[in-house]
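Student: Pasting protein21.tsv here (TSV, C-alpha atoms and all ligand atoms):
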```tsv
chain	number	residue	atom	x	y	z
A	1	MET	CA	4.06	16.57	12.35
A	2	GLN	CA	1.69	16.88	15.31
A	3	ASP	CA	-0.52	13.92	15.94
A	4	GLU	CA	-2.82	14.65	18.86
A	5	LYS	CA	-2.79	11.31	20.56
A	6	HIS	CA	0.95	10.83	20.34
A	7	GLY	CA	2.37	14.28	20.40
A	8	ASP	CA	5.35	14.54	18.21
A	9	LEU	CA	6.23	11.54	16.07
A	10	GLU	CA	9.81	12.08	17.13
A	11	GLU	CA	8.72	11.23	20.65
A	12	SER	CA	6.93	8.08	19.64
A	13	LEU	CA	9.94	6.89	17.68
A	14	GLY	CA	12.32	7.75	20.49
A	15	PHE	CA	15.88	6.62	19.93
A	16	ALA	CA	14.79	4.44	16.99
A	17	GLN	CA	15.42	7.63	15.05
A	18	ILE	CA	19.14	7.29	15.72
A	19	TYR	CA	19.35	3.87	14.08
A	20	ASN	CA	16.96	4.93	11.32
A	21	GLY	CA	19.03	7.99	10.56
A	22	GLY	CA	16.24	10.51	11.10
A	23	PHE	CA	13.57	11.66	8.70
A	24	PHE	CA	13.81	11.85	4.93
A	25	ASN	CA	11.84	14.77	3.67
A	26	LYS	CA	11.10	13.93	0.09
A	27	LYS	CA	7.54	13.62	-1.16
A	28	VAL	CA	6.56	10.84	-3.50
A	29	LYS	CA	3.54	10.21	-5.67
A	30	ILE	CA	1.19	7.29	-5.26
A	31	LEU	CA	-0.16	5.41	-8.22
A	32	ASP	CA	-2.88	3.07	-7.07
A	33	SER	CA	-3.34	-0.02	-9.20
A	34	THR	CA	-6.19	-1.71	-7.31
A	35	LEU	CA	-8.28	-1.53	-10.49
A	36	ARG	CA	-5.53	-3.09	-12.64
A	37	GLU	CA	-3.00	-5.12	-10.63
A	38	GLY	CA	-5.54	-5.61	-7.81
A	39	GLU	CA	-8.03	-7.19	-10.14
A	40	GLN	CA	-5.31	-9.65	-11.20
A	41	ALA	CA	-5.49	-11.21	-7.73
A	42	PRO	CA	-7.06	-14.65	-7.83
A	43	GLY	CA	-10.70	-14.47	-6.79
A	44	ILE	CA	-11.06	-10.73	-7.35
A	45	SER	CA	-13.24	-9.07	-9.92
A	46	PHE	CA	-15.13	-5.82	-9.80
A	47	THR	CA	-18.28	-4.70	-11.51
A	48	LYS	CA	-18.13	-1.53	-13.56
A	49	ARG	CA	-20.01	0.35	-10.86
A	50	GLN	CA	-17.58	-0.85	-8.21
A	51	ARG	CA	-14.60	0.23	-10.33
A	52	LEU	CA	-16.05	3.72	-10.58
A	53	GLN	CA	-16.75	3.91	-6.87
A	54	ILE	CA	-13.27	2.65	-6.02
A	55	GLY	CA	-11.81	5.19	-8.44
A	56	TRP	CA	-13.76	8.09	-6.89
A	57	MET	CA	-12.84	6.95	-3.42
A	58	LEU	CA	-9.14	6.66	-4.18
A	59	ASP	CA	-9.22	10.05	-5.83
A	60	TYR	CA	-10.87	11.63	-2.80
A	61	PHE	CA	-8.36	9.87	-0.56
A	62	GLY	CA	-5.68	11.65	-2.57
A	63	VAL	CA	-3.70	9.24	-4.73
A	64	ASN	CA	-1.97	10.92	-7.67
A	65	ALA	CA	-2.76	8.33	-10.30
A	66	ILE	CA	-5.22	5.50	-10.81
A	67	GLU	CA	-4.25	2.69	-13.11
A	68	ILE	CA	-6.74	0.62	-15.04
A	69	SER	CA	-6.52	-1.59	-18.09
A	70	PRO	CA	-9.17	-0.82	-20.73
A	71	ILE	CA	-7.98	-3.76	-22.83
A	72	ILE	CA	-9.35	-6.59	-20.68
A	73	SER	CA	-13.06	-6.45	-21.52
A	74	ASP	CA	-15.85	-4.13	-22.63
A	75	SER	CA	-16.68	-3.52	-19.01
A	76	HIS	CA	-13.07	-2.49	-18.28
A	77	PHE	CA	-13.11	-0.28	-21.35
A	78	ASP	CA	-16.29	1.44	-20.17
A	79	SER	CA	-14.92	1.80	-16.65
A	80	CYS	CA	-11.75	3.42	-17.96
A	81	LYS	CA	-13.67	5.74	-20.23
A	82	GLU	CA	-16.03	6.82	-17.45
A	83	LEU	CA	-13.16	7.45	-15.08
A	84	VAL	CA	-11.45	9.64	-17.69
A	85	LYS	CA	-14.73	11.46	-18.24
A	86	ALA	CA	-15.17	12.05	-14.50
A	87	LYS	CA	-12.21	14.45	-14.59
A	88	LEU	CA	-10.85	13.39	-11.23
A	89	SER	CA	-7.80	15.07	-9.73
A	90	ALA	CA	-5.87	11.82	-10.11
A	91	THR	CA	-4.45	11.00	-13.52
A	92	ILE	CA	-6.15	8.00	-15.09
A	93	VAL	CA	-3.42	5.76	-16.41
A	94	ALA	CA	-4.52	3.33	-19.10
A	95	HIS	CA	-2.35	0.21	-18.93
A	96	GLY	CA	-1.70	-2.10	-21.83
A	97	ARG	CA	0.86	-3.77	-24.05
A	98	ALA	CA	3.39	-2.01	-26.24
A	99	LEU	CA	1.16	-2.62	-29.23
A	100	LYS	CA	-0.68	-0.30	-31.59
A	101	GLU	CA	-3.95	-2.17	-31.06
A	102	ASP	CA	-3.83	-1.63	-27.28
A	103	ILE	CA	-2.84	2.01	-27.66
A	104	ASP	CA	-5.82	2.51	-29.96
A	105	VAL	CA	-8.10	1.15	-27.24
A	106	ALA	CA	-6.64	3.66	-24.77
A	107	LEU	CA	-7.14	6.45	-27.29
A	108	ASN	CA	-10.76	5.40	-27.71
A	109	CYS	CA	-11.17	5.80	-23.96
A	110	ASP	CA	-9.95	9.39	-24.33
A	111	ALA	CA	-7.10	8.56	-21.95
A	112	SER	CA	-4.29	11.08	-21.90
A	113	PHE	CA	-1.77	8.85	-20.16
A	114	TYR	CA	-0.76	5.42	-21.41
A	115	ALA	CA	1.42	2.92	-19.55
A	116	MET	CA	2.84	0.29	-21.87
A	117	TYR	CA	4.68	-2.73	-20.57
A	118	HIS	CA	7.26	-4.84	-22.29
A	119	SER	CA	9.33	-7.63	-20.83
A	120	VAL	CA	13.07	-7.10	-20.73
A	121	SER	CA	14.43	-10.20	-18.96
A	122	ASP	CA	15.82	-13.05	-21.03
A	123	ILE	CA	13.52	-15.47	-19.22
A	124	HIS	CA	10.48	-13.53	-20.43
A	125	LEU	CA	11.83	-12.81	-23.88
A	126	ARG	CA	12.50	-16.48	-24.39
A	127	TYR	CA	9.64	-18.24	-22.62
A	128	LYS	CA	6.88	-15.69	-22.76
A	129	LEU	CA	7.42	-13.85	-26.03
A	130	ASN	CA	10.01	-15.88	-27.92
A	131	ILE	CA	11.67	-12.80	-29.39
A	132	SER	CA	15.20	-11.36	-29.32
A	133	ARG	CA	16.44	-8.51	-27.15
A	134	GLU	CA	16.72	-6.34	-30.24
A	135	ASP	CA	13.12	-7.05	-31.27
A	136	ALA	CA	11.93	-6.22	-27.76
A	137	LEU	CA	13.54	-2.79	-27.88
A	138	ASN	CA	12.38	-2.09	-31.42
A	139	ARG	CA	8.79	-3.06	-30.65
A	140	THR	CA	8.76	-0.83	-27.61
A	141	LEU	CA	10.28	2.14	-29.44
A	142	THR	CA	7.77	1.75	-32.25
A	143	ALA	CA	4.88	1.66	-29.80
A	144	LEU	CA	6.29	4.61	-27.85
A	145	ASP	CA	6.58	6.62	-31.02
A	146	TYR	CA	3.02	5.73	-32.03
A	147	ALA	CA	1.59	6.67	-28.62
A	148	LYS	CA	3.53	9.92	-28.42
A	149	SER	CA	2.58	10.91	-31.93
A	150	HIS	CA	-1.07	10.52	-30.89
A	151	GLY	CA	-0.60	13.01	-28.09
A	152	LEU	CA	-0.39	10.57	-25.21
A	153	GLN	CA	1.91	10.95	-22.26
A	154	VAL	CA	3.69	7.66	-21.95
A	155	ARG	CA	5.18	5.50	-19.24
A	156	VAL	CA	7.11	2.45	-20.29
A	157	THR	CA	7.30	-0.46	-17.87
A	158	LEU	CA	10.43	-2.56	-18.09
A	159	GLU	CA	8.66	-5.74	-17.09
A	160	ASP	CA	10.79	-8.15	-15.07
A	161	ALA	CA	13.49	-5.44	-14.85
A	162	SER	CA	14.99	-6.99	-11.73
A	163	ARG	CA	15.94	-10.20	-13.58
A	164	ALA	CA	17.13	-8.55	-16.79
A	165	ASP	CA	20.77	-8.26	-17.84
A	166	PRO	CA	21.80	-4.92	-16.27
A	167	ILE	CA	23.70	-3.80	-19.36
A	168	TYR	CA	20.75	-4.48	-21.65
A	169	LEU	CA	18.38	-2.91	-19.15
A	170	ARG	CA	20.39	0.31	-19.16
A	171	GLU	CA	20.62	0.38	-22.95
A	172	PHE	CA	16.87	-0.10	-23.09
A	173	ALA	CA	16.18	2.64	-20.56
A	174	LYS	CA	18.59	5.03	-22.27
A	175	ALA	CA	16.93	4.45	-25.63
A	176	LEU	CA	13.52	5.20	-24.07
A	177	TYR	CA	14.86	8.39	-22.55
A	178	GLU	CA	16.27	9.46	-25.91
A	179	ALA	CA	12.90	8.72	-27.47
A	180	ASN	CA	11.22	11.13	-25.02
A	181	VAL	CA	9.46	8.71	-22.74
A	182	ASP	CA	7.69	10.58	-19.93
A	183	ARG	CA	8.18	7.99	-17.20
A	184	ILE	CA	9.78	4.63	-16.71
A	185	SER	CA	8.40	1.99	-14.38
A	186	VAL	CA	10.94	-0.31	-12.78
A	187	PRO	CA	9.01	-3.32	-11.53
A	188	ASP	CA	10.26	-6.19	-9.44
A	189	THR	CA	7.81	-8.42	-11.26
A	190	VAL	CA	8.43	-11.64	-9.33
A	191	GLY	CA	9.68	-10.20	-6.02
A	192	ALA	CA	13.31	-11.11	-6.66
A	193	MET	CA	14.83	-8.06	-4.98
A	194	LYS	CA	16.29	-7.48	-1.56
A	195	PRO	CA	15.81	-3.85	-0.47
A	196	SER	CA	19.49	-3.10	-1.15
A	197	GLY	CA	19.08	-4.66	-4.61
A	198	MET	CA	16.03	-2.55	-5.36
A	199	TYR	CA	17.95	0.55	-4.32
A	200	ARG	CA	20.78	-0.27	-6.74
A	201	LEU	CA	18.38	-1.20	-9.54
A	202	VAL	CA	16.57	2.14	-9.38
A	203	LYS	CA	19.81	4.11	-9.13
A	204	SER	CA	21.20	2.26	-12.11
A	205	VAL	CA	18.18	3.03	-14.33
A	206	LYS	CA	18.02	6.64	-13.15
A	207	GLU	CA	21.66	7.19	-14.04
A	208	VAL	CA	21.06	6.55	-17.74
A	209	ALA	CA	17.46	7.73	-17.95
A	210	PRO	CA	16.90	10.92	-15.95
A	211	VAL	CA	13.10	10.82	-16.17
A	212	PRO	CA	10.61	10.29	-13.32
A	213	ILE	CA	10.76	6.69	-12.17
A	214	ASP	CA	7.94	4.48	-10.85
A	215	VAL	CA	8.57	1.43	-8.70
A	216	HIS	CA	6.25	-1.55	-8.61
A	217	CYS	CA	7.21	-4.21	-6.08
A	218	HIS	CA	5.72	-7.68	-5.84
A	219	ASN	CA	5.40	-9.39	-2.51
A	220	ASP	CA	6.51	-12.94	-3.31
A	221	MET	CA	9.13	-12.83	-0.54
A	222	GLY	CA	7.14	-10.53	1.74
A	223	LEU	CA	9.37	-7.57	0.83
A	224	SER	CA	7.09	-5.42	-1.29
A	225	LEU	CA	6.88	-2.60	1.25
A	226	ALA	CA	10.60	-2.70	2.09
A	227	ASN	CA	11.51	-2.72	-1.59
A	228	ALA	CA	9.15	0.14	-2.44
A	229	LEU	CA	10.73	2.18	0.35
A	230	ALA	CA	14.21	1.30	-0.92
A	231	GLY	CA	13.16	2.40	-4.42
A	232	TYR	CA	11.85	5.63	-2.95
A	233	GLU	CA	15.14	6.20	-1.12
A	234	ALA	CA	16.95	5.63	-4.40
A	235	GLY	CA	14.96	8.45	-5.97
A	236	ALA	CA	11.81	6.87	-7.41
A	237	ASP	CA	9.21	9.55	-7.89
A	238	GLN	CA	6.10	7.37	-7.80
A	239	VAL	CA	5.26	4.16	-5.97
A	240	HIS	CA	2.62	1.64	-7.06
A	241	THR	CA	0.21	0.34	-4.44
A	242	THR	CA	-3.09	-1.48	-4.17
A	243	VAL	CA	-5.68	-1.55	-1.42
A	244	GLY	CA	-4.89	-4.56	0.76
A	245	GLY	CA	-1.76	-5.22	-1.32
A	246	LEU	CA	-3.93	-7.14	-3.79
A	247	GLY	CA	-2.38	-8.27	-7.04
A	248	GLU	CA	-1.12	-11.15	-9.12
A	249	ARG	CA	-0.09	-14.05	-6.79
A	250	THR	CA	0.77	-12.50	-3.39
A	251	GLY	CA	0.28	-8.96	-4.65
A	252	ILE	CA	2.22	-5.72	-4.41
A	253	THR	CA	2.86	-2.94	-1.87
A	254	ASP	CA	-0.19	-2.19	0.28
A	255	LEU	CA	-1.47	1.40	0.05
A	256	SER	CA	-2.06	1.92	3.79
A	257	GLN	CA	1.29	0.41	4.73
A	258	PHE	CA	3.18	2.55	2.28
A	259	VAL	CA	1.60	5.86	3.23
A	260	LEU	CA	1.90	5.07	6.94
A	261	ALA	CA	5.50	3.88	6.80
A	262	LEU	CA	6.30	7.02	4.87
A	263	TYR	CA	4.67	9.20	7.49
A	264	VAL	CA	5.85	7.42	10.62
A	265	LEU	CA	9.32	6.27	9.61
A	266	TYR	CA	10.29	8.94	7.09
A	267	GLY	CA	8.34	11.89	8.51
A	268	VAL	CA	6.73	12.52	5.13
A	269	LYS	CA	3.13	13.59	5.29
A	270	LEU	CA	1.48	13.26	1.90
A	271	ASP	CA	-1.55	15.24	0.77
A	272	VAL	CA	-3.88	12.34	1.43
A	273	ARG	CA	-6.81	11.86	3.82
A	274	TYR	CA	-5.24	9.32	6.16
A	275	GLU	CA	-8.39	9.25	8.28
A	276	MET	CA	-10.28	7.82	5.30
A	277	LEU	CA	-8.18	4.66	5.13
A	278	ASN	CA	-10.47	2.62	7.33
A	279	ASP	CA	-13.49	3.34	5.14
A	280	VAL	CA	-11.57	2.67	1.95
A	281	TYR	CA	-10.49	-0.74	3.21
A	282	LYS	CA	-13.88	-1.65	4.67
A	283	ILE	CA	-15.68	-0.79	1.45
A	284	LEU	CA	-13.27	-2.82	-0.61
A	285	GLU	CA	-13.59	-5.79	1.75
A	286	GLU	CA	-17.33	-5.63	1.36
A	287	TYR	CA	-17.22	-5.39	-2.41
A	288	ILE	CA	-14.98	-8.36	-2.87
A	289	ASP	CA	-16.21	-10.40	0.05
A	290	TYR	CA	-12.67	-10.68	1.28
A	291	LYS	CA	-11.26	-10.55	4.79
A	292	MET	CA	-7.76	-9.25	5.22
A	293	PRO	CA	-5.48	-11.32	7.44
A	294	SER	CA	-6.01	-10.13	11.02
A	295	ASN	CA	-2.30	-9.61	11.60
A	296	GLN	CA	-1.86	-7.48	8.48
A	297	PRO	CA	0.10	-4.32	9.40
A	298	ILE	CA	-1.89	-1.08	9.75
A	299	MET	CA	-5.34	-2.20	8.57
A	300	GLY	CA	-5.53	-5.77	9.91
A	301	GLU	CA	-8.09	-6.45	12.69
A	302	ASN	CA	-5.35	-6.85	15.30
A	303	ALA	CA	-3.27	-3.78	14.52
A	304	TYR	CA	-4.90	-1.75	17.30
A	305	LYS	CA	-5.85	-4.44	19.81
A	306	HIS	CA	-4.00	-4.77	23.09
A	307	LYS	CA	-4.15	-7.97	25.05
A	308	ALA	CA	-1.48	-8.57	27.70
A	309	GLY	CA	-2.41	-7.02	31.06
A	310	THR	CA	0.88	-5.14	31.24
A	311	HIS	CA	0.31	-3.69	27.77
A	312	ILE	CA	-3.21	-2.58	28.65
A	313	ALA	CA	-1.90	-0.90	31.78
A	314	ALA	CA	0.76	0.93	29.80
A	315	ILE	CA	-1.53	2.17	27.04
A	316	LEU	CA	-3.96	3.50	29.61
A	317	ASN	CA	-1.13	5.77	30.68
A	318	ASN	CA	0.00	6.55	27.18
A	319	PRO	CA	-0.90	4.61	24.00
A	320	MET	CA	2.51	5.51	22.62
A	321	ALA	CA	3.88	2.74	24.82
A	322	TYR	CA	2.68	0.21	22.25
A	323	GLU	CA	1.59	2.26	19.23
A	324	LEU	CA	3.62	4.40	16.87
A	325	VAL	CA	0.62	6.26	15.55
A	326	SER	CA	-2.90	6.53	16.95
A	327	PRO	CA	-5.75	4.54	15.37
A	328	GLU	CA	-7.81	7.75	14.96
A	329	PHE	CA	-5.22	8.96	12.50
A	330	LEU	CA	-6.44	6.19	10.15
A	331	GLY	CA	-10.09	6.38	11.13
A	332	ARG	CA	-9.67	3.29	13.30
A	333	LYS	CA	-10.44	2.47	16.93
A	334	ARG	CA	-8.30	1.08	19.72
A	335	LYS	CA	-9.50	-2.09	21.45
A	336	VAL	CA	-8.56	-4.08	24.49
A	337	VAL	CA	-8.90	-7.84	24.68
A	338	PHE	CA	-9.71	-9.49	27.98
A	339	SER	CA	-8.33	-13.01	28.00
A	340	GLU	CA	-6.62	-15.56	30.18
A	341	LEU	CA	-3.53	-13.36	29.82
A	342	ILE	CA	-5.00	-10.49	31.83
A	343	GLY	CA	-3.28	-11.19	35.14
A	344	LYS	CA	-4.11	-9.27	38.28
A	345	ASN	CA	-3.98	-5.80	36.66
A	346	GLY	CA	-6.12	-6.81	33.76
A	347	ALA	CA	-8.62	-8.52	36.06
A	348	SER	CA	-8.91	-5.35	38.09
A	349	PHE	CA	-9.63	-3.38	34.86
A	350	LEU	CA	-12.19	-5.95	33.84
A	351	LEU	CA	-13.99	-5.67	37.17
A	352	LYS	CA	-14.01	-1.89	36.91
A	353	VAL	CA	-15.41	-2.02	33.41
A	354	LEU	CA	-18.15	-4.30	34.71
A	355	GLY	CA	-18.81	-1.87	37.57
A	356	VAL	CA	-17.82	-4.37	40.26
A	357	GLU	CA	-16.23	-2.95	43.41
A	358	SER	CA	-12.84	-4.62	43.46
A	359	ASP	CA	-9.80	-4.99	45.63
A	360	GLU	CA	-6.52	-6.73	45.14
A	361	SER	CA	-7.62	-10.12	46.40
A	362	LEU	CA	-10.74	-10.20	44.24
A	363	ALA	CA	-8.66	-9.20	41.20
A	364	LYS	CA	-6.22	-12.00	41.98
A	365	MET	CA	-9.05	-14.50	42.29
A	366	VAL	CA	-10.59	-13.46	39.00
A	367	ALA	CA	-7.21	-13.60	37.24
A	368	HIS	CA	-6.62	-17.05	38.65
A	369	GLY	CA	-10.12	-18.21	37.74
A	370	VAL	CA	-9.81	-16.97	34.17
A	371	LYS	CA	-6.45	-18.66	33.74
A	372	SER	CA	-7.64	-21.99	35.10
A	373	LEU	CA	-10.64	-21.99	32.76
A	374	GLN	CA	-8.24	-21.85	29.81
A	375	MET	CA	-10.84	-20.13	27.70
A	376	GLY	CA	-8.49	-18.02	25.61
A	377	ASP	CA	-10.02	-14.64	24.79
A	378	LEU	CA	-13.10	-13.70	26.80
A	379	PHE	CA	-14.22	-10.59	24.95
A	380	GLU	CA	-12.93	-7.40	23.46
A	381	LEU	CA	-13.97	-3.84	23.96
A	382	GLU	CA	-13.38	-0.57	22.26
A	383	LEU	CA	-11.17	1.49	24.54
A	384	ASN	CA	-13.22	4.67	24.22
A	385	ASP	CA	-13.22	7.56	26.66
A	386	GLU	CA	-16.09	6.16	28.69
A	387	ILE	CA	-14.44	2.79	29.27
A	388	LYS	CA	-11.13	4.46	29.96
A	389	GLN	CA	-12.78	6.72	32.50
A	390	ARG	CA	-14.36	3.77	34.29
A	391	ILE	CA	-10.99	2.09	34.63
A	392	ILE	CA	-9.07	5.15	35.65
A	393	THR	CA	-11.50	6.80	38.10
A	394	SER	CA	-11.51	3.93	40.53
A	395	GLY	CA	-8.03	4.91	41.52
A	396	GLU	CA	-5.50	2.27	40.60
A	397	GLY	CA	-5.59	2.11	36.82
A	398	LYS	CA	-2.26	0.37	36.62
B	401	LIG	C1	1.77	-7.08	-15.53
B	401	LIG	C2	3.19	-6.83	-15.12
B	401	LIG	C3	3.43	-5.77	-14.09
B	401	LIG	C4	3.57	-4.41	-14.70
B	401	LIG	C5	4.00	-3.33	-13.74
B	401	LIG	C6	3.96	-1.92	-14.26
B	401	LIG	C7	4.72	-6.20	-13.35
B	401	LIG	O1	1.05	-7.75	-14.80
B	401	LIG	O2	1.37	-6.61	-16.58
B	401	LIG	O3	3.35	-1.66	-15.31
B	401	LIG	O4	4.58	-1.05	-13.63
B	401	LIG	O5	4.64	-6.57	-12.21
B	401	LIG	O6	5.77	-6.19	-14.00
B	401	LIG	O7	2.36	-5.75	-13.16
B	402	CU	CU	2.76	-6.33	-11.21
```
What's the structure tokens form of this structure?

Tutor:
Amino acid sequence: MQDEKHGDLEESLGFAQIYNGGFFNKKVKILDSTLREGEQAPGISFTKRQRLQIGWMLDYFGVNAIEISPIISDSHFDSCKELVKAKLSATIVAHGRALKEDIDVALNCDASFYAMYHSVSDIHLRYKLNISREDALNRTLTALDYAKSHGLQVRVTLEDASRADPIYLREFAKALYEANVDRISVPDTVGAMKPSGMYRLVKSVKEVAPVPIDVHCHNDMGLSLANALAGYEAGADQVHTTVGGLGERTGITDLSQFVLALYVLYGVKLDVRYEMLNDVYKILEEYIDYKMPSNQPIMGENAYKHKAGTHIAAILNNPMAYELVSPEFLGRKRKVVFSELIGKNGASFLLKVLGVESDESLAKMVAHGVKSLQMGDLFELELNDEIKQRIITSGEGK
């Protein structure tokens, strides 16, 4: 658990560990659905070439499974087929409905893993499909049987599980287990769960269906990360993510946030190339001409910028003062922002960076001048070794 810039994670967490209850050493798999759920985000569409590049990149990063729907279009079909053919380490999961025609498409892609979804909530059965609970189960069992008999490994997604009648949900899950399903996905399709609710939901399904469980958490209430972690604590074996948290409406759990929270807060280091995250996100942003919100945790522009003079002073001593994990760990850089908030300390740093001989009264004057101009941020700078050296060598540094 050594991280060069921060020493032991235990140290960077300090007494937070007491409230958090320590680490939780259980690995979990990552299924990335950027190519399926991610492409359902308004405004997002990939070319076939981009899908392949994203697939290769995610595989090299180290996700365990990559989900894609071959049903959508010819281009999606080709993308899925090529990804299967590429024989990546990650399993290519072909996603589609619990219907023979969709399963046939997956078979034509030479996929070996099929994820079929079927709604289980009364709201969906009534307003989306207009079928009975019994029909829903029968359709799914028929499709499961068809897929299995064609040699596919099968996950069944209990769509809108969080809003389904718990008794029916358990009957459904039990029937799938008895019919030899390989995995069950428990999605919070509309983000209706609190973390404690997600925990109970996963436990409840696991109790009657002891197969590996996926969780898929939507972010409608801003809880997709918290709920995915709760599902993981409840024993889910695989968590669904997308790059940037992209997905239908407000999306699902963000890949970088999940793997980082798992590492920092749970002490679980996955077999992924964390230092590649920056490139993965930058490439995706370029492809889709999309800028992530600057205050987005982990990969947002601001995640490693320090602005208040007192903060800058502290991180010069030890970045752990205001960072749980170093930016280098993610392939990112630390920056400092000089602004009207710099105060005397910050002004003295600024003068040193500029190579101006400074003393306390000059620093005070500059701080005062900057404040009275009310210009907001002046400029930002990467806090690399050279800049750090300039600030520190002139003596004060704090
Ligand atoms: C969908 C629904 C889904 C499926 C999740 C899964 C959801 O858009 O098809 O297959 O695990 O949120 O329920 O994304
Ligand atoms: Cu979804």

Student: Give me, as a PyMOL selection string, the set of residues whose atoms come within 6 Å of any atom of ligand LIG 401 (chain B), counting all atoms listed in the file.

Tutor: chain A and resi 37+117+157+159-160+185+187+189+216

Student: When you count only C-alpha atoms and all ligand atoms, which of these residues is closest to ligand CU 402 (chain B): A:Arg334, A:Arg36, A:Lys203, A:Arg139?

Tutor: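 Closest residue, counting only C-alpha atoms and all ligand atoms: A:Arg36.
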
Student: Do you know which residues are at most 6 Å from A:Ala115 counting all atoms listed in the file, after dropping those on the same chain fewer than 3 positions away, and could you put them as a list in words?

Tutor: Ala94, His95, Val154, Arg155 and Val156 of chain A

Student: Which residue gives the smallest distance to ligand CU 402 (chain B) among A:Ala236, A:Val181, A:Ile252, A:Ala136, with only C-alpha atoms and all ligand atoms counted?

Tutor: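 The shortest atom-to-atom distance to ligand CU 402 (chain B) comes from A:Ile252.
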
Student: Would you mind reading off the distance between atom CA of A:Lys388 and atom CA of A:Val264, one decimal, in Å?

Tutor: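 Straight-line distance from atom CA of A:Lys388 to atom CA of A:Val264 works out to 25.9 Å.
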
Student: Need to verify the contact set: stretch 359-361 of chain A, 12 Å, all atoms listed in the file, exclusion of same-chain residues closer than 2 positions in sequence. Can you return it as an mmCIF file with C-alpha atoms, in the frame of the given file?

Tutor:
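Saved the output as part24.cif:
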```cif
data_model
loop_
_atom_site.group_PDB
_atom_site.id
_atom_site.type_symbol
_atom_site.label_atom_id
_atom_site.label_comp_id
_atom_site.auth_asym_id
_atom_site.auth_seq_id
_atom_site.Cartn_x
_atom_site.Cartn_y
_atom_site.Cartn_z
ATOM 1 C CA GLY A 343 -3.280 -11.190 35.140
ATOM 2 C CA LYS A 344 -4.110 -9.270 38.280
ATOM 3 C CA ASN A 345 -3.980 -5.800 36.660
ATOM 4 C CA GLY A 346 -6.120 -6.810 33.760
ATOM 5 C CA ALA A 347 -8.620 -8.520 36.060
ATOM 6 C CA SER A 348 -8.910 -5.350 38.090
ATOM 7 C CA PHE A 349 -9.630 -3.380 34.860
ATOM 8 C CA LEU A 351 -13.990 -5.670 37.170
ATOM 9 C CA LYS A 352 -14.010 -1.890 36.910
ATOM 10 C CA VAL A 356 -17.820 -4.370 40.260
ATOM 11 C CA GLU A 357 -16.230 -2.950 43.410
ATOM 12 C CA ALA A 363 -8.660 -9.200 41.200
ATOM 13 C CA LYS A 364 -6.220 -12.000 41.980
ATOM 14 C CA MET A 365 -9.050 -14.500 42.290
ATOM 15 C CA VAL A 366 -10.590 -13.460 39.000
ATOM 16 C CA ALA A 367 -7.210 -13.600 37.240
ATOM 17 C CA HIS A 368 -6.620 -17.050 38.650
ATOM 18 C CA SER A 394 -11.510 3.930 40.530
ATOM 19 C CA GLY A 395 -8.030 4.910 41.520
ATOM 20 C CA GLU A 396 -5.500 2.270 40.600
ATOM 21 C CA LYS A 398 -2.260 0.370 36.620
#
```

Student: Give me, as a PyMOL selection string, all polymer residues having an atom no more than 12 Å from stretch 121-127 of chain A, counting only C-alpha atoms and skipping those fewer than 4 positions away in the same chain.

Tutor: chain A and resi 131-137+158-169+172+187-190

Student: Within 7 Å of stretch 97-99 of chain A, counting all atoms listed in the file, which residues show up once you throw out same-chain ones fewer than 6 positions away? Write them as an MDAnalysis selection string, please.

Tutor: chainID A and resid 116:118 140 143

Student: For ligand CU 402 (chain B), which residue among A:Val93, A:Cys217, A:Ala175, A:Met198 is the nearest when counting only C-alpha atoms and all ligand atoms?

Tutor: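 With only C-alpha atoms and all ligand atoms as the atom set, the closest residue is A:Cys217.
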
Student: Do you have the atom CA of A:Ile387-atom CA of A:Gln374 distance handy?

Tutor: 25.4 Å

Student: A:Gln50, A:Ser256, A:Ser339, A:Ser196: which is nearest A:Met276, counting all atoms listed in the file?

Tutor: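 Closest candidate: A:Ser256.
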
Student: Just checking: using only C-alpha atoms, which residue out of A:Asp279, A:Glu323, A:Glu382, A:Asp32 ends up closest to A:Met299?

Tutor: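 Residue with the minimum atom-to-atom distance to A:Met299: A:Asp279.
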
Student: Which value, in Å to one decimal, gives the distance between atom CA of A:Val205 and atom CA of A:Asn25?

Tutor: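 Pair atom CA of A:Val205 / atom CA of A:Asn25 returns 22.4 Å.
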
Student: Considering all atoms listed in the file, state which residue in the set A:Ile103, A:Val63, A:Val243, A:Ala173 is at the smallest distance from A:Asn278.

Tutor: A:Val243
